[in-house]
file start-v6.tsv (TSV, C-alpha atoms and all ligand atoms)
chain	number	residue	atom	x	y	z
R	435	MET	CA	125.38	9.25	-42.36
R	436	ALA	CA	121.95	9.44	-44.00
R	437	PHE	CA	120.21	6.89	-41.76
R	438	ALA	CA	119.72	6.57	-38.02
R	439	PRO	CA	122.78	4.68	-36.74
R	440	GLY	CA	120.63	1.83	-35.36
R	441	LEU	CA	118.56	1.35	-38.53
R	442	LEU	CA	119.42	-2.37	-38.68
R	443	ALA	CA	120.04	-2.99	-34.97
R	444	GLY	CA	118.99	-6.49	-33.92
R	445	ARG	CA	119.01	-7.75	-37.52
R	446	ARG	CA	121.31	-10.48	-38.88
R	447	ALA	CA	122.22	-10.56	-42.56
R	448	LEU	CA	123.73	-13.34	-44.67
R	449	VAL	CA	125.55	-11.83	-47.65
R	450	THR	CA	126.70	-14.30	-50.31
R	451	GLY	CA	129.95	-13.25	-51.93
R	452	GLY	CA	130.40	-10.92	-48.96
R	453	GLY	CA	134.20	-11.09	-48.99
R	454	THR	CA	134.79	-8.86	-52.03
R	455	GLY	CA	133.42	-6.01	-54.10
R	456	LEU	CA	129.83	-4.90	-53.68
R	457	GLY	CA	129.00	-7.70	-51.23
R	458	ARG	CA	131.75	-6.52	-48.95
R	459	SER	CA	130.55	-2.91	-49.22
R	460	ILE	CA	126.96	-3.94	-48.47
R	461	GLY	CA	128.09	-5.98	-45.45
R	462	ARG	CA	130.16	-3.11	-44.11
R	463	ARG	CA	127.20	-0.72	-44.41
R	464	PHE	CA	124.86	-3.15	-42.65
R	465	LEU	CA	127.41	-3.45	-39.80
R	466	GLU	CA	127.65	0.33	-39.53
R	467	LEU	CA	123.86	0.43	-39.21
R	468	GLY	CA	123.88	-2.05	-36.32
R	469	ALA	CA	123.28	-5.42	-38.00
R	470	SER	CA	125.37	-8.51	-37.37
R	471	LEU	CA	126.69	-10.31	-40.40
R	472	ALA	CA	127.39	-13.74	-41.88
R	473	ILE	CA	129.37	-13.84	-45.12
R	474	CYS	CA	129.98	-16.71	-47.50
R	475	GLY	CA	132.17	-17.29	-50.54
R	476	ARG	CA	134.41	-20.05	-51.85
R	477	ARG	CA	137.72	-18.67	-50.52
R	478	GLY	CA	138.10	-18.74	-46.74
R	479	ALA	CA	141.16	-16.48	-46.79
R	480	VAL	CA	139.25	-13.79	-48.69
R	481	LEU	CA	136.42	-13.96	-46.13
R	482	ASP	CA	138.91	-13.73	-43.25
R	483	ALA	CA	140.57	-10.67	-44.79
R	484	ALA	CA	137.16	-9.01	-45.11
R	485	VAL	CA	136.43	-9.69	-41.44
R	486	ASP	CA	139.72	-8.04	-40.41
R	487	ALA	CA	138.80	-4.98	-42.47
R	488	PHE	CA	135.24	-4.88	-41.07
R	489	ARG	CA	136.54	-5.01	-37.50
R	490	ALA	CA	139.05	-2.24	-38.20
R	491	ASP	CA	136.35	-0.04	-39.77
R	492	VAL	CA	133.43	-0.85	-37.46
R	493	PRO	CA	134.51	-1.40	-33.85
R	494	GLY	CA	132.59	-4.24	-32.22
R	495	ALA	CA	131.43	-5.67	-35.57
R	496	VAL	CA	129.91	-9.14	-35.17
R	497	VAL	CA	130.74	-11.19	-38.28
R	498	THR	CA	130.91	-14.91	-38.98
R	499	THR	CA	132.43	-16.55	-42.06
R	500	HIS	CA	131.05	-19.59	-43.90
R	501	PRO	CA	133.18	-20.84	-46.79
R	502	CYS	CA	130.85	-22.47	-49.31
R	503	ASP	CA	130.47	-23.04	-53.04
R	504	ILE	CA	126.81	-22.13	-53.52
R	505	ARG	CA	126.62	-24.20	-56.73
R	506	ASP	CA	126.44	-27.24	-54.43
R	507	ALA	CA	122.93	-27.55	-52.92
R	508	VAL	CA	124.09	-29.90	-50.14
R	509	ALA	CA	126.89	-27.50	-49.20
R	510	VAL	CA	124.39	-24.61	-49.09
R	511	GLU	CA	122.16	-26.49	-46.63
R	512	ALA	CA	125.20	-27.23	-44.42
R	513	MET	CA	126.26	-23.57	-44.67
R	514	LEU	CA	122.78	-22.36	-43.64
R	515	ASP	CA	122.75	-24.79	-40.67
R	516	ASP	CA	126.13	-23.36	-39.69
R	517	VAL	CA	124.84	-19.76	-39.96
R	518	TRP	CA	121.70	-20.61	-37.95
R	519	ARG	CA	123.80	-22.17	-35.14
R	520	ASP	CA	124.63	-18.61	-34.02
R	521	GLY	CA	120.98	-17.57	-34.30
R	522	PRO	CA	118.70	-17.09	-37.31
R	523	ALA	CA	119.54	-14.67	-40.09
R	524	ASP	CA	116.57	-12.51	-41.08
R	525	ILE	CA	118.10	-10.88	-44.18
R	526	LEU	CA	119.56	-12.74	-47.17
R	527	VAL	CA	121.49	-10.81	-49.81
R	528	ASN	CA	121.92	-12.84	-53.00
R	529	ASN	CA	125.05	-11.09	-54.20
R	530	ALA	CA	127.44	-13.89	-55.28
R	531	ALA	CA	127.61	-14.22	-59.06
R	532	ALA	CA	129.80	-15.40	-61.90
R	533	ASN	CA	130.21	-13.61	-65.20
R	534	PHE	CA	132.68	-13.11	-68.02
R	535	LEU	CA	132.63	-11.81	-71.58
R	536	ALA	CA	132.44	-14.50	-74.25
R	537	GLN	CA	130.88	-15.31	-77.58
R	538	THR	CA	127.88	-17.39	-76.55
R	539	HIS	CA	128.12	-19.86	-79.47
R	540	ARG	CA	131.60	-20.84	-78.28
R	541	LEU	CA	130.69	-21.53	-74.64
R	542	SER	CA	131.20	-25.06	-73.34
R	543	ALA	CA	128.50	-26.69	-71.23
R	544	ARG	CA	130.77	-26.29	-68.18
R	545	ALA	CA	131.10	-22.56	-68.88
R	546	VAL	CA	127.31	-22.17	-69.06
R	547	ASP	CA	126.92	-24.22	-65.88
R	548	ALA	CA	129.57	-22.17	-64.04
R	549	VAL	CA	127.52	-19.00	-64.53
R	550	LEU	CA	123.99	-20.40	-64.15
R	551	GLY	CA	125.08	-22.65	-61.27
R	552	THR	CA	126.34	-19.74	-59.21
R	553	THR	CA	124.11	-16.86	-60.20
R	554	LEU	CA	120.77	-18.64	-60.55
R	555	HIS	CA	120.89	-22.04	-58.88
R	556	GLY	CA	123.10	-20.92	-55.97
R	557	ALA	CA	120.84	-17.96	-55.21
R	558	ALA	CA	117.77	-20.22	-55.49
R	559	TYR	CA	119.24	-22.74	-53.02
R	560	CYS	CA	120.04	-19.95	-50.54
R	561	THR	CA	116.60	-18.36	-50.94
R	562	VAL	CA	114.65	-21.59	-50.58
R	563	GLY	CA	116.78	-22.63	-47.59
R	564	CYS	CA	116.27	-19.32	-45.79
R	565	GLY	CA	112.57	-19.15	-46.71
R	566	ARG	CA	111.93	-22.66	-45.41
R	567	ARG	CA	113.66	-21.85	-42.11
R	568	TRP	CA	111.70	-18.59	-41.73
R	569	ILE	CA	108.35	-20.19	-42.55
R	570	GLU	CA	108.94	-23.16	-40.23
R	571	ALA	CA	109.93	-20.78	-37.42
R	572	GLY	CA	107.04	-18.39	-38.15
R	573	GLN	CA	109.46	-15.49	-38.47
R	574	PRO	CA	109.61	-12.74	-41.11
R	575	GLY	CA	112.54	-12.22	-43.44
R	576	VAL	CA	113.81	-10.21	-46.41
R	577	VAL	CA	115.62	-11.44	-49.53
R	578	LEU	CA	117.51	-8.81	-51.52
R	579	SER	CA	118.89	-10.02	-54.86
R	580	ILE	CA	121.54	-8.05	-56.73
R	581	LEU	CA	120.69	-8.24	-60.43
R	582	THR	CA	122.16	-6.44	-63.47
R	583	LEU	CA	120.59	-4.27	-66.17
R	584	SER	CA	120.81	-7.33	-68.42
R	585	ALA	CA	118.05	-8.96	-66.35
R	586	LEU	CA	115.73	-6.33	-67.85
R	587	GLN	CA	117.07	-5.95	-71.39
R	588	GLY	CA	119.35	-8.92	-72.16
R	589	GLY	CA	123.12	-8.89	-72.29
R	590	ALA	CA	125.02	-9.56	-75.50
R	591	PHE	CA	128.25	-11.49	-74.81
R	592	THR	CA	127.09	-12.19	-71.23
R	593	ALA	CA	124.01	-14.22	-72.13
R	594	PRO	CA	124.21	-16.82	-69.32
R	595	SER	CA	124.49	-14.05	-66.73
R	596	ALA	CA	121.53	-12.19	-68.27
R	597	MET	CA	119.50	-15.43	-68.25
R	598	ALA	CA	120.40	-16.11	-64.62
R	599	LYS	CA	119.63	-12.58	-63.41
R	600	ALA	CA	116.31	-12.55	-65.29
R	601	GLY	CA	115.54	-15.79	-63.46
R	602	LEU	CA	116.28	-14.10	-60.14
R	603	LEU	CA	113.87	-11.31	-61.04
R	604	ALA	CA	111.18	-13.94	-61.74
R	605	MET	CA	112.02	-15.56	-58.38
R	606	THR	CA	111.66	-12.18	-56.63
R	607	GLN	CA	108.25	-11.55	-58.19
R	608	SER	CA	106.98	-15.12	-57.70
R	609	LEU	CA	107.99	-15.52	-54.06
R	610	ALA	CA	106.89	-12.00	-53.11
R	611	VAL	CA	103.37	-13.32	-53.70
R	612	GLU	CA	103.80	-16.87	-52.43
R	613	TRP	CA	105.64	-15.89	-49.23
R	614	GLY	CA	103.83	-12.59	-48.58
R	615	PRO	CA	101.40	-14.18	-46.10
R	616	HIS	CA	104.44	-15.33	-44.08
R	617	GLY	CA	105.74	-11.76	-43.74
R	618	ILE	CA	108.66	-12.44	-46.09
R	619	ARG	CA	109.60	-9.69	-48.56
R	620	LEU	CA	111.67	-10.13	-51.72
R	621	VAL	CA	113.27	-7.14	-53.38
R	622	ALA	CA	115.99	-6.56	-55.96
R	623	ILE	CA	118.43	-3.95	-57.20
R	624	ALA	CA	119.62	-3.75	-60.82
R	625	PRO	CA	122.88	-1.78	-60.66
R	626	GLY	CA	124.56	-0.05	-63.58
R	627	THR	CA	128.32	0.30	-63.26
R	628	PHE	CA	129.73	0.30	-59.72
R	629	PRO	CA	133.46	-0.31	-60.22
R	630	THR	CA	134.88	-3.35	-58.43
R	631	GLU	CA	138.12	-5.18	-59.14
R	632	ALA	CA	136.31	-8.23	-60.50
R	633	ALA	CA	133.74	-6.45	-62.66
R	634	VAL	CA	136.22	-4.11	-64.32
R	635	ALA	CA	138.73	-6.91	-65.01
R	636	ARG	CA	136.10	-9.26	-66.45
R	637	LEU	CA	133.57	-7.02	-68.14
R	638	ARG	CA	135.13	-3.69	-69.04
R	639	PRO	CA	138.12	-4.45	-71.26
R	640	GLY	CA	138.28	-0.82	-72.37
R	641	GLY	CA	138.00	0.53	-68.83
R	642	VAL	CA	134.99	2.22	-67.30
R	643	GLU	CA	133.44	4.90	-69.52
R	644	HIS	CA	130.38	7.03	-69.00
R	645	ALA	CA	129.35	8.12	-72.50
R	646	GLY	CA	126.09	6.17	-72.24
R	647	VAL	CA	125.24	7.39	-68.74
R	648	PRO	CA	123.14	10.56	-68.39
R	649	LEU	CA	124.64	11.26	-64.96
R	650	ARG	CA	128.12	11.02	-66.60
R	651	ARG	CA	129.74	8.92	-63.91
R	652	ALA	CA	129.89	5.48	-62.35
R	653	GLY	CA	127.91	4.69	-59.22
R	654	LYS	CA	129.54	5.12	-55.83
R	655	HIS	CA	129.40	2.07	-53.58
R	656	GLU	CA	127.64	4.07	-50.86
R	657	GLU	CA	124.84	4.88	-53.32
R	658	LEU	CA	124.20	1.16	-53.72
R	659	THR	CA	124.72	0.19	-50.08
R	660	ASP	CA	122.35	2.89	-48.78
R	661	LEU	CA	119.69	1.69	-51.21
R	662	ALA	CA	120.26	-1.88	-50.04
R	663	ALA	CA	120.00	-0.82	-46.38
R	664	PHE	CA	116.75	1.03	-47.05
R	665	LEU	CA	115.19	-1.88	-48.94
R	666	VAL	CA	115.93	-4.44	-46.20
R	667	SER	CA	114.89	-2.05	-43.42
R	668	ASP	CA	111.42	-1.68	-41.96
R	669	HIS	CA	111.14	1.70	-43.74
R	670	ALA	CA	110.56	-0.34	-46.92
R	671	GLY	CA	108.23	-2.71	-45.08
R	672	TYR	CA	105.44	-2.41	-47.69
R	673	VAL	CA	107.75	-2.89	-50.70
R	674	THR	CA	107.93	-6.40	-52.10
R	675	GLY	CA	108.41	-8.00	-55.52
R	676	GLU	CA	110.05	-4.84	-56.87
R	677	CYS	CA	113.38	-4.21	-58.58
R	678	VAL	CA	115.00	-0.79	-58.22
R	679	VAL	CA	117.33	0.28	-61.04
R	680	ALA	CA	120.38	2.29	-59.93
R	681	ASP	CA	122.25	3.07	-63.15
R	682	GLY	CA	122.59	6.84	-63.54
R	683	GLY	CA	119.92	6.69	-66.25
R	684	ARG	CA	121.85	4.33	-68.60
R	685	ARG	CA	118.86	2.09	-69.32
R	686	LEU	CA	116.61	5.02	-70.30
R	687	LEU	CA	119.22	6.25	-72.75
R	688	GLY	CA	118.84	2.87	-74.45
R	689	GLY	CA	122.24	1.75	-73.22
R	690	ALA	CA	123.41	-1.75	-73.95
R	691	ARG	CA	126.35	-2.69	-71.74
R	692	ALA	CA	129.28	-0.42	-72.52
R	693	GLY	CA	131.47	-1.87	-75.23
R	694	ALA	CA	128.92	-4.32	-76.64
R	695	GLN	CA	128.64	-2.39	-79.91
R	696	GLU	CA	132.40	-2.61	-80.49
R	697	MET	CA	132.42	-6.30	-79.54
R	698	LEU	CA	130.10	-7.06	-82.47
R	699	ASP	CA	133.15	-6.41	-84.68
R	700	TRP	CA	135.80	-8.18	-82.57
R	701	THR	CA	137.96	-10.77	-84.31
R	702	ASP	CA	138.83	-14.22	-82.95
R	703	ALA	CA	142.16	-12.72	-81.88
R	704	ASP	CA	140.36	-9.99	-79.92
R	705	TRP	CA	138.29	-12.65	-78.15
R	706	ALA	CA	141.36	-14.75	-77.37
R	707	ALA	CA	143.05	-11.68	-75.89
R	708	GLN	CA	139.98	-10.94	-73.77
R	709	ARG	CA	139.92	-14.53	-72.47
R	710	ALA	CA	143.63	-14.26	-71.58
R	711	ARG	CA	142.97	-11.01	-69.68
R	712	THR	CA	140.08	-12.46	-67.61
R	713	PRO	CA	141.06	-13.51	-64.07
R	714	ALA	CA	140.37	-17.19	-63.23
R	715	ARG	CA	138.40	-16.23	-60.11
Q	801	LIG	C1	131.80	-2.79	-64.43
Q	801	LIG	C2	130.60	-3.33	-65.14
Q	801	LIG	C3	129.87	-4.46	-64.48
Q	801	LIG	C4	128.71	-5.01	-65.25
Q	801	LIG	C5	127.92	-6.07	-64.61
Q	801	LIG	C6	128.64	-6.96	-63.69
Q	801	LIG	C7	128.24	-8.20	-63.48
Q	801	LIG	C8	128.91	-9.21	-62.68
Q	801	LIG	O1	128.35	-10.26	-62.53
Q	801	LIG	S1	130.41	-8.94	-61.93
Q	801	LIG	C9	130.81	-10.45	-61.05
Q	801	LIG	C10	132.00	-11.03	-61.63
Q	801	LIG	N1	132.61	-11.92	-60.67
Q	801	LIG	C11	132.88	-13.19	-60.96
Q	801	LIG	O2	132.59	-13.69	-62.04
Q	801	LIG	C12	133.53	-13.98	-59.87
Q	801	LIG	C13	133.30	-15.46	-59.97
Q	801	LIG	N2	133.79	-16.03	-61.26
Q	801	LIG	C14	134.60	-17.14	-61.33
Q	801	LIG	O3	134.97	-17.74	-60.35
Q	801	LIG	C15	135.04	-17.63	-62.71
Q	801	LIG	O4	135.01	-16.57	-63.63
Q	801	LIG	C16	134.17	-18.80	-63.26
Q	801	LIG	C17	132.72	-18.34	-63.49
Q	801	LIG	C18	134.76	-19.27	-64.59
Q	801	LIG	C19	134.08	-19.98	-62.31
Q	801	LIG	O5	135.36	-20.42	-61.92
Q	801	LIG	P1	135.67	-22.02	-61.74
Q	801	LIG	O6	134.62	-22.69	-61.02
Q	801	LIG	O7	137.08	-22.09	-61.21
Q	801	LIG	O8	135.55	-22.57	-63.19
Q	801	LIG	P2	136.63	-22.94	-64.31
Q	801	LIG	O9	137.76	-22.00	-64.36
Q	801	LIG	O10	136.92	-24.40	-64.14
Q	801	LIG	O11	135.76	-22.72	-65.64
Q	801	LIG	C20	134.53	-23.42	-65.85
Q	801	LIG	C21	134.27	-23.46	-67.35
Q	801	LIG	O12	134.10	-22.10	-67.80
Q	801	LIG	C22	135.02	-21.84	-68.87
Q	801	LIG	N3	135.44	-20.44	-68.83
Q	801	LIG	C23	136.03	-19.82	-67.79
Q	801	LIG	N4	136.30	-18.56	-68.11
Q	801	LIG	C24	135.87	-18.36	-69.39
Q	801	LIG	C25	135.90	-17.25	-70.27
Q	801	LIG	N5	136.41	-16.07	-69.90
Q	801	LIG	N6	135.40	-17.41	-71.50
Q	801	LIG	C26	134.87	-18.61	-71.90
Q	801	LIG	N7	134.81	-19.71	-71.07
Q	801	LIG	C27	135.31	-19.56	-69.85
Q	801	LIG	C28	136.19	-22.78	-68.60
Q	801	LIG	O13	136.95	-22.99	-69.77
Q	801	LIG	C29	135.47	-24.03	-68.11
Q	801	LIG	O14	134.93	-24.75	-69.17
Q	801	LIG	P3	135.68	-26.05	-69.80
Q	801	LIG	O15	136.93	-25.54	-70.45
Q	801	LIG	O16	134.70	-26.62	-70.77
Q	801	LIG	O17	135.99	-26.98	-68.66
Q	802	LIG	N1	130.25	-4.18	-60.04
Q	802	LIG	C1	129.28	-3.84	-60.88
Q	802	LIG	O1	129.35	-2.83	-61.57
Q	802	LIG	C2	128.06	-4.66	-60.97
Q	802	LIG	C3	127.85	-5.79	-60.19
Q	802	LIG	N2	126.67	-6.44	-60.27
Q	802	LIG	C4	126.42	-7.58	-59.39
Q	802	LIG	O2	126.91	-7.29	-58.10
Q	802	LIG	C5	127.31	-8.51	-57.47
Q	802	LIG	C6	128.73	-8.37	-56.95
Q	802	LIG	O3	129.61	-8.15	-58.04
Q	802	LIG	P1	131.11	-7.60	-57.82
Q	802	LIG	O4	131.28	-7.20	-56.40
Q	802	LIG	O5	131.36	-6.62	-58.90
Q	802	LIG	O6	131.98	-8.92	-58.15
Q	802	LIG	P2	132.86	-9.91	-57.23
Q	802	LIG	O7	133.46	-10.91	-58.16
Q	802	LIG	O8	133.78	-9.11	-56.36
Q	802	LIG	O9	131.79	-10.61	-56.31
Q	802	LIG	C7	131.36	-11.92	-56.50
Q	802	LIG	C8	131.48	-12.64	-55.18
Q	802	LIG	O10	130.81	-13.91	-55.30
Q	802	LIG	C9	131.60	-14.92	-54.74
Q	802	LIG	N3	131.33	-16.15	-55.48
Q	802	LIG	C10	131.53	-16.37	-56.80
Q	802	LIG	N4	131.20	-17.63	-57.12
Q	802	LIG	C11	130.76	-18.21	-55.96
Q	802	LIG	C12	130.28	-19.51	-55.63
Q	802	LIG	N5	130.18	-20.47	-56.57
Q	802	LIG	N6	129.93	-19.77	-54.35
Q	802	LIG	C13	130.03	-18.79	-53.40
Q	802	LIG	N7	130.47	-17.55	-53.65
Q	802	LIG	C14	130.84	-17.27	-54.92
Q	802	LIG	C15	133.04	-14.47	-54.92
Q	802	LIG	O11	133.90	-14.99	-53.92
Q	802	LIG	P3	134.79	-16.33	-54.19
Q	802	LIG	O12	135.47	-16.13	-55.52
Q	802	LIG	O13	135.71	-16.39	-53.02
Q	802	LIG	O14	133.81	-17.45	-54.19
Q	802	LIG	C16	132.91	-12.95	-54.76
Q	802	LIG	O15	133.07	-12.60	-53.40
Q	802	LIG	C17	127.11	-9.60	-58.50
Q	802	LIG	O16	125.85	-10.19	-58.31
Q	802	LIG	C18	127.12	-8.86	-59.79
Q	802	LIG	O17	126.44	-9.54	-60.82
Q	802	LIG	C19	125.67	-6.07	-61.10
Q	802	LIG	C20	125.85	-5.00	-61.91
Q	802	LIG	C21	127.03	-4.21	-61.91
call {"tool": "encode", "arguments": {"input": "start-v6.tsv", "output": "structure tokens"}}
result
Amino acid sequence: MAFAPGLLAGRRALVTGGGTGLGRSIGRRFLELGASLAICGRRGAVLDAAVDAFRADVPGAVVTTHPCDIRDAVAVEAMLDDVWRDGPADILVNNAAANFLAQTHRLSARAVDAVLGTTLHGAAYCTVGCGRRWIEAGQPGVVLSILTLSALQGGAFTAPSAMAKAGLLAMTQSLAVEWGPHGIRLVAIAPGTFPTEAAVARLRPGGVEHAGVPLRRAGKHEELTDLAAFLVSDHAGYVTGECVVADGGRRLLGGARAGAQEMLDWTDADWAAQRARTPAR
């Protein structure tokens, strides 16, 4: 363990999308470091399964679950009230997101809304709701948003996600200034490839490859979760408005998302096959 075991003792974190993938790994790490946790996502059963796993891995883990579709602003306010009933959270991790590969000119309005509604609007509702509660209570807080490399360099065939994540970067930079006097920090991580069931199924039709990554491998979840723990901890207390890239050097090698070059030549049949392969949720 790289950090003191009590690094996050006394802290309470709300992790959106905390029932699966990277959100679940981040939550588990925060629990190991002494935080208590609130997790939200649309599927209650997925959240419950995560809690069982947390409790098996981290004896004494304090975790609450809050099923919520963050695209619904009213539901987000109710979810935050529910979280706050057990005491205020002081860390928000904007991790929930929606993304899939598609030709942008063929997207329906509902498809665009599904991605922007979750990744941008949902994160904005959560951030504003937490920020308002912190400012009204005169307490400090930290917002960590999980971006993608496409926030920095665009994302062919995932344009709505790139647009949403770029918006979250603008939110991080804007509110770092506006909320600084209240002792609220906003930070972000732009991860390269950290394999999760959802990301590989939706975004890596050819499997995970490392040709465009100088470090020649995918990221390990602990490499992301330790960075997240550091950024929300008091050790990063003077860091705000910044985005840390954790991508094994992919961006500096000029790397578009793996596979995008090949997708420029995909046929309609290739795109139909990709749509058929993509899980519904
Ligand atoms: C390993 C490398 C990683 C690289 C970077 C990773 C980035 C990530 O963000 S990974 C996170 C991925 N995780 C998720 O996306 C989980 C959440 N996603 C979902 O729940 C669905 O994918 C969703 C976004 C489609 C939302 O589901 P739901 O609310 O149930 O919406 P619908 O199924 O009703 O669909 C709404 C609308 O979108 C159209 N659509 C759905 N899938 C596709 C697709 N693959 N291609 C094109 N269009 C799609 C769907 O047809 C609906 O539109 P209408 O037909 O006009 O009603
Ligand atoms: N894995 C990777 O390599 C990379 C991931 N990222 C980012 O990391 C984050 C996690 O991705 P990953 O773990 O791979 O993917 P997952 O699909 O496992 O995580 C997404 C989570 O968000 C939840 N979610 C989705 N839509 C909503 C909604 N409308 N309301 C509430 N919760 C919702 C999902 O739960 P449910 O379906 O139950 O709602 C799920 O738990 C995302 O922000 C992603 O963009 C960035 C770069 C690379």
call {"tool": "closest_residue", "arguments": {"input": "start-v6.tsv", "among": "R:Leu620, R:Ala593, R:Ala632, R:Ala680", "to": "R:Gly455", "atoms": "all atoms listed in the file"}}
result
R:Ala632
call {"tool": "residues_near_ligand", "arguments": {"input": "start-v6.tsv", "ligand": "ligand LIG 801 (chain Q)", "cutoff": "7 Å", "atoms": "all atoms listed in the file", "output": "PyMOL selection string"}}
result
chain R and resi 531-536+541-546+548-549+582+595+626-630+632-634+636-638+642+709+712-715
call {"tool": "atom_distance", "arguments": {"input": "start-v6.tsv", "atom1": "atom CA of R:Thr499", "atom2": "atom CA of R:Pro625"}}
result
25.6 Å
call {"tool": "closest_residue", "arguments": {"input": "start-v6.tsv", "among": "R:Thr538, R:Thr450, R:Gln587, R:Ser667", "to": "ligand LIG 802 (chain Q)", "atoms": "all atoms listed in the file"}}
result
R:Thr450
call {"tool": "residues_around", "arguments": {"input": "start-v6.tsv", "residues": "stretch 444-447 of chain R", "least_positions_apart": "3", "cutoff": "6 Å", "atoms": "only C-alpha atoms", "output": "PyMOL selection string"}}
result
chain R and resi 469-471+523-526
call {"tool": "closest_residue", "arguments": {"input": "start-v6.tsv", "among": "R:Leu456, R:Leu467, R:Cys502, R:Ala598", "to": "R:Gly653", "atoms": "all atoms listed in the file"}}
result
R:Leu456
call {"tool": "residues_around", "arguments": {"input": "start-v6.tsv", "residues": "R:Pro615", "least_positions_apart": "2", "cutoff": "12 Å", "atoms": "all atoms listed in the file", "output": "PyMOL selection string"}}
result
chain R and resi 569+572-575+609-613+617-619+674
call {"tool": "atom_distance", "arguments": {"input": "start-v6.tsv", "atom1": "atom CA of R:Gly475", "atom2": "atom O10 of ligand LIG 802 (chain Q)"}}
result
6.0 Å
call {"tool": "residues_around", "arguments": {"input": "start-v6.tsv", "residues": "R:Gly478", "least_positions_apart": "3", "cutoff": "12 Å", "atoms": "only C-alpha atoms", "output": "MDAnalysis selection string"}}
result
chainID R and resid 451:454 473:475 481:485 498:503
call {"tool": "residues_near_point", "arguments": {"input": "start-v6.tsv", "point": "(116.2, -3.3, -56.1)", "cutoff": "9 Å", "atoms": "only C-alpha atoms", "output": "number ranges by chain"}}
result
R: 578-581, 621-625, 661-662, 665, 676-680
call {"tool": "write_last_selection", "arguments": {"input": "start-v6.tsv", "atoms": "C-alpha atoms", "output": "short mmCIF file (atom, residue, chain, number, x, y, z; two decimals), in the coordinates of the input"}}
result
data_model
loop_
_atom_site.label_atom_id
_atom_site.label_comp_id
_atom_site.auth_asym_id
_atom_site.auth_seq_id
_atom_site.Cartn_x
_atom_site.Cartn_y
_atom_site.Cartn_z
CA LEU R 578 117.51 -8.81 -51.52
CA SER R 579 118.89 -10.02 -54.86
CA ILE R 580 121.54 -8.05 -56.73
CA LEU R 581 120.69 -8.24 -60.43
CA VAL R 621 113.27 -7.14 -53.38
CA ALA R 622 115.99 -6.56 -55.96
CA ILE R 623 118.43 -3.95 -57.20
CA ALA R 624 119.62 -3.75 -60.82
CA PRO R 625 122.88 -1.78 -60.66
CA LEU R 661 119.69 1.69 -51.21
CA ALA R 662 120.26 -1.88 -50.04
CA LEU R 665 115.19 -1.88 -48.94
CA GLU R 676 110.05 -4.84 -56.87
CA CYS R 677 113.38 -4.21 -58.58
CA VAL R 678 115.00 -0.79 -58.22
CA VAL R 679 117.33 0.28 -61.04
CA ALA R 680 120.38 2.29 -59.93
#
call {"tool": "closest_residue", "arguments": {"input": "start-v6.tsv", "among": "R:Asp681, R:Asp486, R:Asp704, R:Glu696", "to": "ligand LIG 802 (chain Q)", "atoms": "all atoms listed in the file"}}
result
R:Asp681
call {"tool": "closest_residue", "arguments": {"input": "start-v6.tsv", "among": "R:Gly494, R:Pro522, R:Gly675, R:Gly601", "to": "R:Val577", "atoms": "only C-alpha atoms"}}
result
R:Gly675
call {"tool": "residues_around", "arguments": {"input": "start-v6.tsv", "residues": "R:Pro493", "least_positions_apart": "5", "cutoff": "12 Å", "atoms": "all atoms listed in the file", "output": "NGL selection string"}}
result
:R and (462 or 465-466 or 468 or 485-488)
call {"tool": "residues_near_point", "arguments": {"input": "start-v6.tsv", "point": "(124.9, 2.2, -45.1)", "cutoff": "10 Å", "atoms": "all atoms listed in the file", "output": "ChimeraX atom specification"}}
result
/R:435-439,441-442,459-468,655-664
call {"tool": "write_last_selection", "arguments": {"input": "start-v6.tsv", "atoms": "C-alpha atoms", "output": "PDB file, in the coordinates of the input"}}
result
ATOM      1  CA  MET R 435     125.380   9.250 -42.360  1.00  0.00           C
ATOM      2  CA  ALA R 436     121.950   9.440 -44.000  1.00  0.00           C
ATOM      3  CA  PHE R 437     120.210   6.890 -41.760  1.00  0.00           C
ATOM      4  CA  ALA R 438     119.720   6.570 -38.020  1.00  0.00           C
ATOM      5  CA  PRO R 439     122.780   4.680 -36.740  1.00  0.00           C
ATOM      6  CA  LEU R 441     118.560   1.350 -38.530  1.00  0.00           C
ATOM      7  CA  LEU R 442     119.420  -2.370 -38.680  1.00  0.00           C
ATOM      8  CA  SER R 459     130.550  -2.910 -49.220  1.00  0.00           C
ATOM      9  CA  ILE R 460     126.960  -3.940 -48.470  1.00  0.00           C
ATOM     10  CA  GLY R 461     128.090  -5.980 -45.450  1.00  0.00           C
ATOM     11  CA  ARG R 462     130.160  -3.110 -44.110  1.00  0.00           C
ATOM     12  CA  ARG R 463     127.200  -0.720 -44.410  1.00  0.00           C
ATOM     13  CA  PHE R 464     124.860  -3.150 -42.650  1.00  0.00           C
ATOM     14  CA  LEU R 465     127.410  -3.450 -39.800  1.00  0.00           C
ATOM     15  CA  GLU R 466     127.650   0.330 -39.530  1.00  0.00           C
ATOM     16  CA  LEU R 467     123.860   0.430 -39.210  1.00  0.00           C
ATOM     17  CA  GLY R 468     123.880  -2.050 -36.320  1.00  0.00           C
ATOM     18  CA  HIS R 655     129.400   2.070 -53.580  1.00  0.00           C
ATOM     19  CA  GLU R 656     127.640   4.070 -50.860  1.00  0.00           C
ATOM     20  CA  GLU R 657     124.840   4.880 -53.320  1.00  0.00           C
ATOM     21  CA  LEU R 658     124.200   1.160 -53.720  1.00  0.00           C
ATOM     22  CA  THR R 659     124.720   0.190 -50.080  1.00  0.00           C
ATOM     23  CA  ASP R 660     122.350   2.890 -48.780  1.00  0.00           C
ATOM     24  CA  LEU R 661     119.690   1.690 -51.210  1.00  0.00           C
ATOM     25  CA  ALA R 662     120.260  -1.880 -50.040  1.00  0.00           C
ATOM     26  CA  ALA R 663     120.000  -0.820 -46.380  1.00  0.00           C
ATOM     27  CA  PHE R 664     116.750   1.030 -47.050  1.00  0.00           C
TER      28      PHE R 664
END
